[in-house]
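Step one of this worksheet: look at the structure below.
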Amino acid sequence: MLIKMWLNGEPIRDHMDADMLLLDFVRRHGALSVKRGCETANCGLCTVLLEGKPVLSCSILAAKAEGKHVVTLEGVQKEAEEFGTFLANQGAEQCGFCNPGFIMNILAMEKELKDPTEEEINEYLAGNLCRCSGFVGQLRSIQAYLKHKQEVRAHEAE
Amino acid sequence: MTKSSRRKRFLTGENGFRLPPMVKRREKLIKIKRYWKVETLEEAYELNQKRANRIIGGMVWMKMGEKQFHTAIDLSDVVSSEIVENEEEFIIGAMTTLRDLECHEGIHKYTDGAVKESLRHIVGVQFRNVATVGGSIWGRFGFSDVLTMFLAMDTYVDLYKGGRVSLEAFSKMPYDKDILLNIVVKKNTMSLAYESMRNTKTDFPVLACAASVRPDEVLLSIGARPQKAVIIRANDTVMKIDRSEQEEFARALAVQVKAEISVGSNMRASAEYRRQLAGVLARRAVMKALVADEQKPMVITDTDTLQTKGGEQIC
C-alpha cells in the first residue's frame, strides 16, 4: 500500500506492507535513533511524536500515520543537544540506549506540563525504562533543564 | 556435522533446533494482508462479519499475540475520538485515547479524580496516547482498570446494531461481530473512588476496586480478580448502618466483599491473597468515596459546582 506522511518535516511517499509498524517505517527512512526495545509497549525506547503527542512506534501501524506529522530525535536535534548537555552534566547517562525515547518524552512533557512537580515528572516518564541508571541523575538533569528553560523564558519576557 | 553447519541449522530452526529468543523476536507478531480505513459504519460492519477480518482500536494488546488477519478495519473516520459533555451525560467516542479521557476536566471533576487514578498507572503517557477506551471496553479484559472503573458508574455502551446496552449487561455478553460506537456515562448523583494494587509500578493490577456511593445504594466494582470485573452491591445489613459512621460502614462492606467475591490465582497473586486484598481495597475505596460524598452538595446537575483540589494540574 502507498502511504504519505511527514517525517521530521519532510514529505514522504512510500509503498509498504499493511502490517508494517511505524517503528520499522521511520527506521527505513533513516530515523535510526528510534530503537526497538521490549516490543511489549513497556520500555519507551521507540517513542516518537505523532501530531505532537508522544506515542510508542512499536505499537502503532505505519498506516495509522497516513497524512500525519511524525517527529523523531533527528527532527529535534537542537533541543535534544541542549537537554543532552544537562544529562551529561549530571552523569545521568551510561549506555545511552534509552536516551532517544527518553528525550522525546521529556520534550513532549515540557510542552504539556507547566512547572511540573517531582511526582508529576516521575509519573509522566513512567513509560521510559533505563536499565543502567537509577533515574536519580536523570531526574536531577530534568529539573535543572526545566529551571534553565524557565529562566530563559523569564529573561526573554523582560 | 561441522561447527558452521550446526550453527546454521540452529539459527534457521531446521530439524527441531529451537530458535533462540532474540532471533524469533525479529519475526512479525501480527500479520495483516490489508489495511482498510472504512468510510461508513455499514461497510465496517459488513467487513467485520468475516472471521479473517478484525476491527483495530489502539492495537496495543492485539499486537502482543501471534495473529494473522486478512483485513484490519480502521474506524478512525467513522467512530468518534472525542468526549462530548452535556447536562445529562458524557458521550465518549470509542476511539478516544486513554490519555484524552484522563485529561478531560469534566470527567475528572465528576468522578472526584477516580478516572484519572484508574488510568495513571497504565504503563506510560506514550502508551495511553495510543490505547483507546473502546478497545479496552470491547475487550472486556480481566486485567482492565478501565472496565472496572466504568462499571462503578452509571454507564451504557452504544452498539451499531445492538443499540444502547448497560455496561453491566455488556460485560457479561459473549463476543460478537457488532461495533462499539460510544461509551455513555450518565451524570447521576454519586461519589466515586478508585484503588488498585500492583506488584510493581506500571504492571497489570493484582486487584482493582472502584467504589460508588449513591443516595440509594453503595456498590463496588472489583476487577483483575484475575477474571473480568464484577459488581458487588452493599447488602441490607450494611445499608442499615448510618453512612456518617464511615469506618463502621466501610468495615462491614469489606467483610461482605471478602465473603462474596469470587477470585482466582495467577502468576501475580494467589486467590487467598486476592480475597484478603479485596477487603482492604474495598474498605479504602468506600472510605474515600464516603468522605468525597460528605463534601458534596445533595444534587449535582452541573459539574462546575464540584471543585478540584487547589491549583491541581489534571494533565
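Letters for chains follow the order of the C-alpha cells (A, B, ...), residue numbers begin at 1 for each chain, and ligand numbers begin at 1 in the order shown.
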Can you list, as a list in words, every protein, DNA or RNA residue that comes within 10 Å of Glu85 (chain B) when you count only C-alpha atoms, leaving out same-chain residues fewer than 6 positions away? Ile91, Ile92, Gly106, Ile107, Val184, Val185 and Lys187 of chain B
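Applying a distance limit of 8 Å to only C-alpha atoms, the residues of chain A near chain B read Asp17, Ala18, Asp19, Thr40, Ala41, Asn42, Gly44, Thr47, Lys53, Pro54, Val55, Leu56, Ser59, Ile60, Ala63, Asn105, Glu112, Leu113, Glu123, Tyr124, Leu125, Ala126, Gly127 and Asn128 of chain A.
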By how many Å are CA of Ala52 (chain B) and CA of Val38 (chain B) apart? 16.3 Å
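Closest approach to Ala144 (chain A) from the set A:Thr72, A:Gln77, A:Asn99, A:Thr85 is made by A:Thr85, with distances taken over only C-alpha atoms.
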Could you write out, as a PyMOL selection string, all the residues of chain A that DSSP marks as alpha helix (DSSP H)? chain A and resi 22-28+77-89+99-112+118-124+136-157
Write a file of the just-selected residues containing C-alpha atoms, as a PDB file, in the first residue's frame.
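Writing done, so here's result_2.pdb:
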```pdb
ATOM      1  CA  LEU A  22       5.707   2.839  12.441  1.00  0.00           C
ATOM      2  CA  LEU A  23       8.990   1.907  14.138  1.00  0.00           C
ATOM      3  CA  ASP A  24      10.169  -0.058  11.092  1.00  0.00           C
ATOM      4  CA  PHE A  25       8.924   2.610   8.702  1.00  0.00           C
ATOM      5  CA  VAL A  26      10.809   5.503  10.306  1.00  0.00           C
ATOM      6  CA  ARG A  27      13.979   3.416  10.615  1.00  0.00           C
ATOM      7  CA  ARG A  28      13.719   2.527   6.919  1.00  0.00           C
ATOM      8  CA  GLN A  77      18.450  17.965  17.108  1.00  0.00           C
ATOM      9  CA  LYS A  78      18.825  21.415  18.634  1.00  0.00           C
ATOM     10  CA  GLU A  79      16.535  20.767  21.606  1.00  0.00           C
ATOM     11  CA  ALA A  80      17.990  17.285  22.077  1.00  0.00           C
ATOM     12  CA  GLU A  81      21.531  18.641  22.188  1.00  0.00           C
ATOM     13  CA  GLU A  82      20.504  21.250  24.712  1.00  0.00           C
ATOM     14  CA  PHE A  83      18.936  18.692  27.038  1.00  0.00           C
ATOM     15  CA  GLY A  84      21.774  16.229  26.360  1.00  0.00           C
ATOM     16  CA  THR A  85      24.184  18.689  27.973  1.00  0.00           C
ATOM     17  CA  PHE A  86      22.139  18.641  31.179  1.00  0.00           C
ATOM     18  CA  LEU A  87      22.112  14.833  31.129  1.00  0.00           C
ATOM     19  CA  ALA A  88      25.888  14.737  30.728  1.00  0.00           C
ATOM     20  CA  ASN A  89      26.459  17.355  33.438  1.00  0.00           C
ATOM     21  CA  ASN A  99      18.133   8.354  25.570  1.00  0.00           C
ATOM     22  CA  PRO A 100      16.315   8.946  22.245  1.00  0.00           C
ATOM     23  CA  GLY A 101      12.936   7.795  23.581  1.00  0.00           C
ATOM     24  CA  PHE A 102      13.577   9.461  26.911  1.00  0.00           C
ATOM     25  CA  ILE A 103      14.436  12.821  25.324  1.00  0.00           C
ATOM     26  CA  MET A 104      11.401  12.715  23.014  1.00  0.00           C
ATOM     27  CA  ASN A 105       9.129  12.200  26.011  1.00  0.00           C
ATOM     28  CA  ILE A 106      10.800  14.965  28.006  1.00  0.00           C
ATOM     29  CA  LEU A 107      10.336  17.408  25.124  1.00  0.00           C
ATOM     30  CA  ALA A 108       6.652  16.407  24.984  1.00  0.00           C
ATOM     31  CA  MET A 109       6.327  16.813  28.756  1.00  0.00           C
ATOM     32  CA  GLU A 110       7.895  20.267  28.617  1.00  0.00           C
ATOM     33  CA  LYS A 111       5.172  21.383  26.202  1.00  0.00           C
ATOM     34  CA  GLU A 112       2.324  19.682  28.079  1.00  0.00           C
ATOM     35  CA  GLU A 118       8.863  15.807  41.016  1.00  0.00           C
ATOM     36  CA  GLU A 119       5.883  13.452  41.314  1.00  0.00           C
ATOM     37  CA  GLU A 120       4.394  14.704  38.039  1.00  0.00           C
ATOM     38  CA  ILE A 121       7.738  14.253  36.257  1.00  0.00           C
ATOM     39  CA  ASN A 122       8.060  10.694  37.572  1.00  0.00           C
ATOM     40  CA  GLU A 123       4.505   9.907  36.517  1.00  0.00           C
ATOM     41  CA  TYR A 124       4.914  11.354  33.028  1.00  0.00           C
ATOM     42  CA  VAL A 136      18.034   9.856  40.102  1.00  0.00           C
ATOM     43  CA  GLY A 137      20.618  11.555  37.891  1.00  0.00           C
ATOM     44  CA  GLN A 138      18.065  11.809  35.122  1.00  0.00           C
ATOM     45  CA  LEU A 139      15.563  13.456  37.450  1.00  0.00           C
ATOM     46  CA  ARG A 140      18.217  15.977  38.526  1.00  0.00           C
ATOM     47  CA  SER A 141      19.007  16.763  34.901  1.00  0.00           C
ATOM     48  CA  ILE A 142      15.310  17.258  34.033  1.00  0.00           C
ATOM     49  CA  GLN A 143      14.780  19.599  36.962  1.00  0.00           C
ATOM     50  CA  ALA A 144      17.899  21.592  36.045  1.00  0.00           C
ATOM     51  CA  TYR A 145      16.793  21.727  32.398  1.00  0.00           C
ATOM     52  CA  LEU A 146      13.262  22.911  33.240  1.00  0.00           C
ATOM     53  CA  LYS A 147      14.649  25.537  35.606  1.00  0.00           C
ATOM     54  CA  HIS A 148      17.013  26.754  32.887  1.00  0.00           C
ATOM     55  CA  LYS A 149      14.137  26.973  30.374  1.00  0.00           C
ATOM     56  CA  GLN A 150      12.060  28.950  32.870  1.00  0.00           C
ATOM     57  CA  GLU A 151      14.912  31.393  33.380  1.00  0.00           C
ATOM     58  CA  VAL A 152      15.343  31.796  29.635  1.00  0.00           C
ATOM     59  CA  ARG A 153      11.627  32.470  29.207  1.00  0.00           C
ATOM     60  CA  ALA A 154      11.625  34.987  32.067  1.00  0.00           C
ATOM     61  CA  HIS A 155      14.673  36.714  30.583  1.00  0.00           C
ATOM     62  CA  GLU A 156      13.002  36.888  27.153  1.00  0.00           C
ATOM     63  CA  ALA A 157       9.818  38.324  28.685  1.00  0.00           C
TER      64      ALA A 157
END
```
